[in-house]
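To start, the structure itself, in C-alpha cells.
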Amino acid sequence: GIRIHQTDFALFKDNVIYDTFGYAIGTEDGNENGNILDHNYAANVDGSGKRPEGSDRFNGISFFSENPMISMRNNVGAGGARRSYFGIVMPGGTGIQTFWNRDGTTRQQNRQNSTLTEFNNNEDYGANIGLDLWRIFSPLGTSYIANYRSWNNQGGLFIIYPIWNVIFVNYTGRCSHLSGWQGLGFYSWDYLQSNVIIDNADIRGCDLGLDPGVVMKDPFTVKNSYFANNTKAIGF
C-alpha cells in the first residue's frame with residue numbers, strides 16, 4: 001500500500017489499492033499532519049487482525065492514521081479488511097511531538113488535545129469492523145464523523161477506547177446476517193464516552209443497534225435517528 005512517513009500537507013487522491021497487507025494508505029510515526037485522503041478505493045487488505053496498538057502496524061486496515069490531524073473524505077473500502085476499513089488512533093501517554101507548519105516552522109503539540117480534522121462521506125462494505133476510533137478526545141474542540149456509511153459488516157461502528165466531544169451526523173449502518181456477533185451497530189464496550197451526539201443515524205439489521213457502554217460522562221445524546229434491529233434498538 002501507501003505508507004505516509006514524515007510527510008505533511010500531501011494529497012492522496014484517486015488511488016486504487018488491491019490485495020495488500022497491513023494497510024492500504026496510512027501514516028507511520030504519528031507526527032504526520034495536514035494530509036488528505038480523498039476518493040481512494042481499497043479492497044482485500046489482509047493483516048494480523050489485532051488491535052492497532054504498540055508496534056503492530058500490520059492489522060489489516062484500509063485507511064489508517066496515528067493521530068486525528070488528517071482529512072479522510074470520499075473513500076471506499078470493500079472486501080477483505082482483516083481489522084477495519086477506517087482506523088483513527090490516538091496513542092496513549094502525553095503524545096507530545098514536533099509537528100511541521102505550512103510556513104516551515106515547527107510546533108510542539110499534544111496529540112491528545114487535537115480534534116479530528118475531517119471525516120466525511122466515507123463508505124465501507126463487508127469486513128469485521130467498519131470504523132475503529134481510539135482515544136479521540138479533545139477538550140479544545142469538537143470532532144465530526146459525517147455521512148459515514150457501513151454495509152454488511154459484523155460491527156458497523158466500533159469504538160474501542162474513550163472518545164470525548166464527538167458528533168456523529170448521518171451515520172448509516174447495515175449489519176451482516178452472517179455475522180458471528182449478529183452485528184453491532186454502535187458499540188463502545190466499557191470505555192468512557194463523554195459529550196457524544198448521534199444525530200440522524202439509520203441503523204438496521206443488527207443484533208444490537210446502539211450500545212454506548214457503561215461508562216458515560218456528560219450528555220450522551222441520540223436524536224432524529226431510526227433503529228430496526230433484531231434484539232433491541234438501544235442497550236445500556
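Residue numbering restarts at 1 in every chain; chains get A, B, ... in the order shown in the C-alpha cells, and ligands count up from 1 in that same order.
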Worksheet item: Hey, what does DSSP flag as strand (DSSP E) within range 6-208 of chain A? Can you give it to me as an MDAnalysis selection string?
Response: chainID A and resid 11:13 16:18 23:27 35:38 41:43 61:65 70:73 76:78 84:89 96:100 106:110 118:120 123:125 129:134 136:137 143:146 149:153 155:159 163:169 172:175 184:187 193:199 202:204 208
Excluding Gln193 in chain A and residues on its chain fewer than 6 positions from it, collect all residues at most 12 Å away from it, counting only C-alpha atoms, and give them as an mmCIF file with N, CA, C and O atoms, in the first residue's frame.
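Writing done, so here's out13.cif:
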data_model
loop_
_atom_site.group_PDB
_atom_site.id
_atom_site.type_symbol
_atom_site.label_atom_id
_atom_site.label_comp_id
_atom_site.auth_asym_id
_atom_site.auth_seq_id
_atom_site.Cartn_x
_atom_site.Cartn_y
_atom_site.Cartn_z
ATOM 1 N N LEU A 133 -12.310 3.778 16.250
ATOM 2 C CA LEU A 133 -11.809 5.026 16.832
ATOM 3 C C LEU A 133 -11.141 4.732 18.170
ATOM 4 O O LEU A 133 -11.707 4.063 19.021
ATOM 5 N N TRP A 134 -9.958 5.299 18.348
ATOM 6 C CA TRP A 134 -9.221 5.119 19.603
ATOM 7 C C TRP A 134 -8.821 6.479 20.168
ATOM 8 O O TRP A 134 -8.096 7.228 19.542
ATOM 9 N N ARG A 135 -9.297 6.766 21.360
ATOM 10 C CA ARG A 135 -8.854 7.949 22.111
ATOM 11 C C ARG A 135 -8.974 9.242 21.300
ATOM 12 O O ARG A 135 -8.020 10.008 21.176
ATOM 13 N N ILE A 136 -10.127 9.470 20.738
ATOM 14 C CA ILE A 136 -10.362 10.760 20.087
ATOM 15 C C ILE A 136 -10.978 11.667 21.136
ATOM 16 O O ILE A 136 -12.191 11.691 21.336
ATOM 17 N N PHE A 137 -10.136 12.384 21.872
ATOM 18 C CA PHE A 137 -10.679 13.267 22.889
ATOM 19 C C PHE A 137 -9.894 14.568 22.929
ATOM 20 O O PHE A 137 -8.710 14.599 23.155
ATOM 21 N N ILE A 159 -16.316 1.477 18.587
ATOM 22 C CA ILE A 159 -15.445 2.395 19.299
ATOM 23 C C ILE A 159 -14.736 1.639 20.413
ATOM 24 O O ILE A 159 -15.377 1.126 21.327
ATOM 25 N N ILE A 160 -13.415 1.588 20.351
ATOM 26 C CA ILE A 160 -12.667 0.766 21.295
ATOM 27 C C ILE A 160 -12.277 1.547 22.548
ATOM 28 O O ILE A 160 -12.513 1.108 23.654
ATOM 29 N N TYR A 161 -11.692 2.722 22.376
ATOM 30 C CA TYR A 161 -11.184 3.467 23.519
ATOM 31 C C TYR A 161 -11.950 4.781 23.688
ATOM 32 O O TYR A 161 -12.767 5.137 22.857
ATOM 33 N N PRO A 162 -11.677 5.542 24.748
ATOM 34 C CA PRO A 162 -12.520 6.697 25.064
ATOM 35 C C PRO A 162 -12.603 7.738 23.945
ATOM 36 O O PRO A 162 -11.642 7.980 23.230
ATOM 37 N N ILE A 163 -13.779 8.328 23.823
ATOM 38 C CA ILE A 163 -13.966 9.467 22.934
ATOM 39 C C ILE A 163 -14.683 10.572 23.700
ATOM 40 O O ILE A 163 -15.595 10.322 24.478
ATOM 41 N N TRP A 164 -14.231 11.786 23.477
ATOM 42 C CA TRP A 164 -14.832 12.970 24.077
ATOM 43 C C TRP A 164 -15.136 13.967 22.971
ATOM 44 O O TRP A 164 -14.374 14.117 22.020
ATOM 45 N N ASN A 165 -16.244 14.672 23.117
ATOM 46 C CA ASN A 165 -16.594 15.766 22.208
ATOM 47 C C ASN A 165 -16.601 15.310 20.748
ATOM 48 O O ASN A 165 -15.917 15.866 19.896
ATOM 49 N N VAL A 166 -17.383 14.276 20.465
ATOM 50 C CA VAL A 166 -17.502 13.751 19.105
ATOM 51 C C VAL A 166 -18.972 13.759 18.699
ATOM 52 O O VAL A 166 -19.837 13.311 19.457
ATOM 53 N N ILE A 167 -19.253 14.265 17.491
ATOM 54 C CA ILE A 167 -20.606 14.284 16.940
ATOM 55 C C ILE A 167 -20.644 13.400 15.697
ATOM 56 O O ILE A 167 -19.831 13.568 14.781
ATOM 57 N N TYR A 187 -20.980 0.379 19.143
ATOM 58 C CA TYR A 187 -20.640 -0.351 20.359
ATOM 59 C C TYR A 187 -19.354 0.188 20.953
ATOM 60 O O TYR A 187 -18.388 0.401 20.242
ATOM 61 N N ASP A 211 -25.167 0.510 21.573
ATOM 62 C CA ASP A 211 -24.775 0.252 22.953
ATOM 63 C C ASP A 211 -23.668 1.231 23.308
ATOM 64 O O ASP A 211 -22.503 1.016 22.972
ATOM 65 N N PRO A 212 -23.993 2.332 23.963
ATOM 66 C CA PRO A 212 -22.972 3.345 24.253
ATOM 67 C C PRO A 212 -22.026 2.967 25.373
ATOM 68 O O PRO A 212 -21.156 3.755 25.732
ATOM 69 N N GLY A 213 -22.172 1.791 25.950
ATOM 70 C CA GLY A 213 -21.269 1.393 27.017
ATOM 71 C C GLY A 213 -21.810 1.738 28.389
ATOM 72 O O GLY A 213 -22.872 2.320 28.547
ATOM 73 N N VAL A 214 -21.040 1.393 29.386
ATOM 74 C CA VAL A 214 -21.492 1.569 30.769
ATOM 75 C C VAL A 214 -20.818 2.746 31.458
ATOM 76 O O VAL A 214 -21.150 3.075 32.590
ATOM 77 N N VAL A 215 -19.860 3.377 30.787
ATOM 78 C CA VAL A 215 -19.140 4.498 31.397
ATOM 79 C C VAL A 215 -19.403 5.740 30.565
ATOM 80 O O VAL A 215 -18.861 5.903 29.476
ATOM 81 N N MET A 216 -20.262 6.599 31.055
ATOM 82 C CA MET A 216 -20.597 7.824 30.336
ATOM 83 C C MET A 216 -20.435 9.021 31.253
ATOM 84 O O MET A 216 -20.737 8.957 32.443
ATOM 85 N N LYS A 217 -19.973 10.107 30.685
ATOM 86 C CA LYS A 217 -19.791 11.349 31.420
ATOM 87 C C LYS A 217 -20.358 12.475 30.578
ATOM 88 O O LYS A 217 -20.123 12.538 29.373
ATOM 89 N N ASP A 218 -21.094 13.368 31.200
ATOM 90 C CA ASP A 218 -21.761 14.446 30.472
ATOM 91 C C ASP A 218 -22.809 13.825 29.553
ATOM 92 O O ASP A 218 -23.015 12.616 29.554
ATOM 93 N N PRO A 219 -23.478 14.598 28.739
ATOM 94 C CA PRO A 219 -24.580 14.031 27.942
ATOM 95 C C PRO A 219 -24.110 13.045 26.877
ATOM 96 O O PRO A 219 -23.056 13.210 26.264
ATOM 97 N N PHE A 220 -24.905 11.989 26.692
ATOM 98 C CA PHE A 220 -24.812 11.112 25.527
ATOM 99 C C PHE A 220 -26.163 11.242 24.839
ATOM 100 O O PHE A 220 -27.171 10.748 25.345
ATOM 101 N N THR A 221 -26.186 11.897 23.689
ATOM 102 C CA THR A 221 -27.438 12.306 23.065
ATOM 103 C C THR A 221 -27.664 11.553 21.768
ATOM 104 O O THR A 221 -26.768 11.469 20.922
#
Item to complete: Using only C-alpha atoms, determine which residues lie at most 8 Å from Ile61 in chain A, disregarding the query and same-chain residues fewer than 6 positions distant; provide the list as a PyMOL selection string.
Response: chain A and resi 22-24+45-47+81-87
Worksheet item: What is the distance between CA of Gly60 in chain A and CA of Leu131 in chain A, in Å to one decimal?
Response: 12.6 Å
Fill in: Residue among A:Gly209, A:Gly1, A:Gly34, A:Gly183 lying closest to Phe58 in chain A, counting only C-alpha atoms
A:Gly1
Discussion item. Need the shell around range 121-125 of chain A: protein/DNA/RNA residues with any atom at most 9 Å away, counting only C-alpha atoms. Skip same-chain ones fewer than 6 positions apart. Format as an NGL selection string?
Written reply: :A and (39 or 72-79 or 85-86 or 131 or 145-153)
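The residue set within 7 Å of Thr98 in chain A, counting only C-alpha atoms and dropping same-chain residues fewer than 5 places from it, reads Asn31, Thr106, Arg107, Gln108 and Gln109 of chain A.
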For all heavy atoms, I'd like the residues from the last selection saved as an mmCIF file, in the first residue's frame.
data_model
loop_
_atom_site.group_PDB
_atom_site.id
_atom_site.type_symbol
_atom_site.label_atom_id
_atom_site.label_comp_id
_atom_site.auth_asym_id
_atom_site.auth_seq_id
_atom_site.Cartn_x
_atom_site.Cartn_y
_atom_site.Cartn_z
ATOM 1 N N ASN A 31 3.493 11.828 13.814
ATOM 2 C CA ASN A 31 3.664 13.285 13.758
ATOM 3 C C ASN A 31 3.392 13.828 12.359
ATOM 4 O O ASN A 31 3.695 14.984 12.070
ATOM 5 C CB ASN A 31 5.059 13.693 14.231
ATOM 6 C CG ASN A 31 6.162 13.173 13.324
ATOM 7 O OD1 ASN A 31 5.950 12.236 12.550
ATOM 8 N ND2 ASN A 31 7.338 13.765 13.419
ATOM 9 N N THR A 106 8.132 24.881 13.160
ATOM 10 C CA THR A 106 7.650 23.697 13.875
ATOM 11 C C THR A 106 6.928 24.111 15.150
ATOM 12 O O THR A 106 7.076 25.238 15.635
ATOM 13 C CB THR A 106 8.804 22.750 14.224
ATOM 14 O OG1 THR A 106 9.736 23.433 15.078
ATOM 15 C CG2 THR A 106 9.508 22.265 12.964
ATOM 16 N N ARG A 107 6.189 23.192 15.711
ATOM 17 C CA ARG A 107 5.472 23.425 16.965
ATOM 18 C C ARG A 107 5.472 22.140 17.778
ATOM 19 O O ARG A 107 5.539 21.041 17.234
ATOM 20 C CB ARG A 107 4.022 23.857 16.693
ATOM 21 C CG ARG A 107 3.137 22.754 16.136
ATOM 22 C CD ARG A 107 1.742 23.231 15.784
ATOM 23 N NE ARG A 107 0.837 22.143 15.392
ATOM 24 C CZ ARG A 107 0.792 21.605 14.193
ATOM 25 N NH1 ARG A 107 1.588 22.056 13.227
ATOM 26 N NH2 ARG A 107 -0.054 20.622 13.936
ATOM 27 N N GLN A 108 5.424 22.283 19.079
ATOM 28 C CA GLN A 108 5.245 21.163 19.990
ATOM 29 C C GLN A 108 3.758 21.066 20.318
ATOM 30 O O GLN A 108 3.147 22.044 20.739
ATOM 31 C CB GLN A 108 6.060 21.371 21.263
ATOM 32 C CG GLN A 108 7.563 21.369 21.048
ATOM 33 C CD GLN A 108 8.079 19.978 20.707
ATOM 34 O OE1 GLN A 108 7.753 19.007 21.355
ATOM 35 N NE2 GLN A 108 8.903 19.907 19.669
ATOM 36 N N GLN A 109 3.182 19.897 20.120
ATOM 37 C CA GLN A 109 1.747 19.747 20.339
ATOM 38 C C GLN A 109 1.435 18.390 20.941
ATOM 39 O O GLN A 109 2.046 17.382 20.593
ATOM 40 C CB GLN A 109 0.983 19.905 19.017
ATOM 41 C CG GLN A 109 -0.528 19.852 19.172
ATOM 42 C CD GLN A 109 -1.262 20.233 17.904
ATOM 43 O OE1 GLN A 109 -0.706 20.895 17.035
ATOM 44 N NE2 GLN A 109 -2.514 19.829 17.799
#
Practice prompt. Work out how far apart CA of Glu32 in chain A and CA of Asn113 in chain A are and give it in Å to one decimal.
Written response: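 Between these atoms lies a distance of 15.4 Å.
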Practice prompt. Quote the spacing between CA of Ile197 in chain A and CA of Asp38 in chain A in Å to one decimal place.
Written response: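 Atom-to-atom, CA of Ile197 in chain A to CA of Asp38 in chain A, that is 25.4 Å.
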Worksheet entry | Nearby residues (only C-alpha atoms) at most 7 Å from Arg174 in chain A, same-chain spacing under 2 positions excluded, as a PyMOL selection string | chain A and resi 150-152+156+172+176+203-206
What does the file look like for those residues with all heavy atoms, as a short mmCIF file (atom, residue, chain, number, x, y, z; two decimals), in the first residue's frame?
data_model
loop_
_atom_site.label_atom_id
_atom_site.label_comp_id
_atom_site.auth_asym_id
_atom_site.auth_seq_id
_atom_site.Cartn_x
_atom_site.Cartn_y
_atom_site.Cartn_z
N SER A 150 -21.80 2.25 6.44
CA SER A 150 -21.16 0.96 6.69
C SER A 150 -22.14 -0.16 6.34
O SER A 150 -23.22 -0.26 6.93
CB SER A 150 -20.75 0.86 8.16
OG SER A 150 -20.08 -0.35 8.42
N TRP A 151 -21.75 -1.01 5.38
CA TRP A 151 -22.66 -2.00 4.85
C TRP A 151 -22.14 -3.42 5.11
O TRP A 151 -21.00 -3.73 4.83
CB TRP A 151 -22.83 -1.83 3.33
CG TRP A 151 -23.22 -0.45 2.91
CD1 TRP A 151 -22.39 0.51 2.40
CD2 TRP A 151 -24.52 0.14 2.96
NE1 TRP A 151 -23.09 1.66 2.13
CE2 TRP A 151 -24.42 1.46 2.46
CE3 TRP A 151 -25.77 -0.33 3.38
CZ2 TRP A 151 -25.50 2.32 2.36
CZ3 TRP A 151 -26.85 0.54 3.28
CH2 TRP A 151 -26.72 1.83 2.78
N ASN A 152 -23.02 -4.27 5.63
CA ASN A 152 -22.78 -5.71 5.68
C ASN A 152 -21.54 -6.07 6.50
O ASN A 152 -20.78 -6.97 6.14
CB ASN A 152 -22.65 -6.28 4.26
CG ASN A 152 -22.97 -7.76 4.21
OD1 ASN A 152 -23.84 -8.24 4.92
ND2 ASN A 152 -22.27 -8.50 3.37
N GLY A 156 -20.74 -2.33 12.68
CA GLY A 156 -20.73 -1.18 11.79
C GLY A 156 -19.82 -0.08 12.29
O GLY A 156 -18.88 0.32 11.62
N THR A 172 -25.13 5.77 8.55
CA THR A 172 -25.96 4.67 8.07
C THR A 172 -25.23 3.36 8.29
O THR A 172 -24.09 3.20 7.84
CB THR A 172 -26.27 4.83 6.57
OG1 THR A 172 -26.97 6.06 6.36
CG2 THR A 172 -27.13 3.67 6.07
N SER A 176 -24.38 -7.49 8.95
CA SER A 176 -24.44 -8.72 8.17
C SER A 176 -25.22 -9.78 8.93
O SER A 176 -24.96 -10.05 10.10
CB SER A 176 -23.03 -9.24 7.88
OG SER A 176 -23.08 -10.54 7.33
N ILE A 203 -29.74 2.77 11.58
CA ILE A 203 -29.05 1.51 11.87
C ILE A 203 -30.07 0.38 11.83
O ILE A 203 -31.03 0.37 12.59
CB ILE A 203 -28.36 1.56 13.25
CG1 ILE A 203 -27.35 2.72 13.30
CG2 ILE A 203 -27.65 0.25 13.55
CD1 ILE A 203 -26.71 2.93 14.65
N ARG A 204 -29.82 -0.62 10.96
CA ARG A 204 -30.79 -1.70 10.77
C ARG A 204 -30.08 -3.05 10.63
O ARG A 204 -28.93 -3.11 10.23
CB ARG A 204 -31.64 -1.46 9.52
CG ARG A 204 -32.28 -0.09 9.43
CD ARG A 204 -33.20 0.02 8.24
NE ARG A 204 -33.50 1.40 7.92
CZ ARG A 204 -34.37 1.78 6.99
NH1 ARG A 204 -35.03 0.87 6.29
NH2 ARG A 204 -34.57 3.06 6.74
N GLY A 205 -30.82 -4.09 10.96
CA GLY A 205 -30.36 -5.45 10.72
C GLY A 205 -29.30 -5.96 11.68
O GLY A 205 -28.71 -7.02 11.45
N CYS A 206 -29.05 -5.23 12.76
CA CYS A 206 -28.04 -5.64 13.74
C CYS A 206 -28.71 -6.41 14.88
O CYS A 206 -29.92 -6.32 15.09
CB CYS A 206 -27.31 -4.44 14.30
SG CYS A 206 -26.51 -3.40 13.05
#
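With only C-alpha atoms as the atoms that count, the residue of A:Thr20, A:Asn120, A:Ser188, A:Thr7 with the shortest distance to Arg102 in chain A is A:Thr7.
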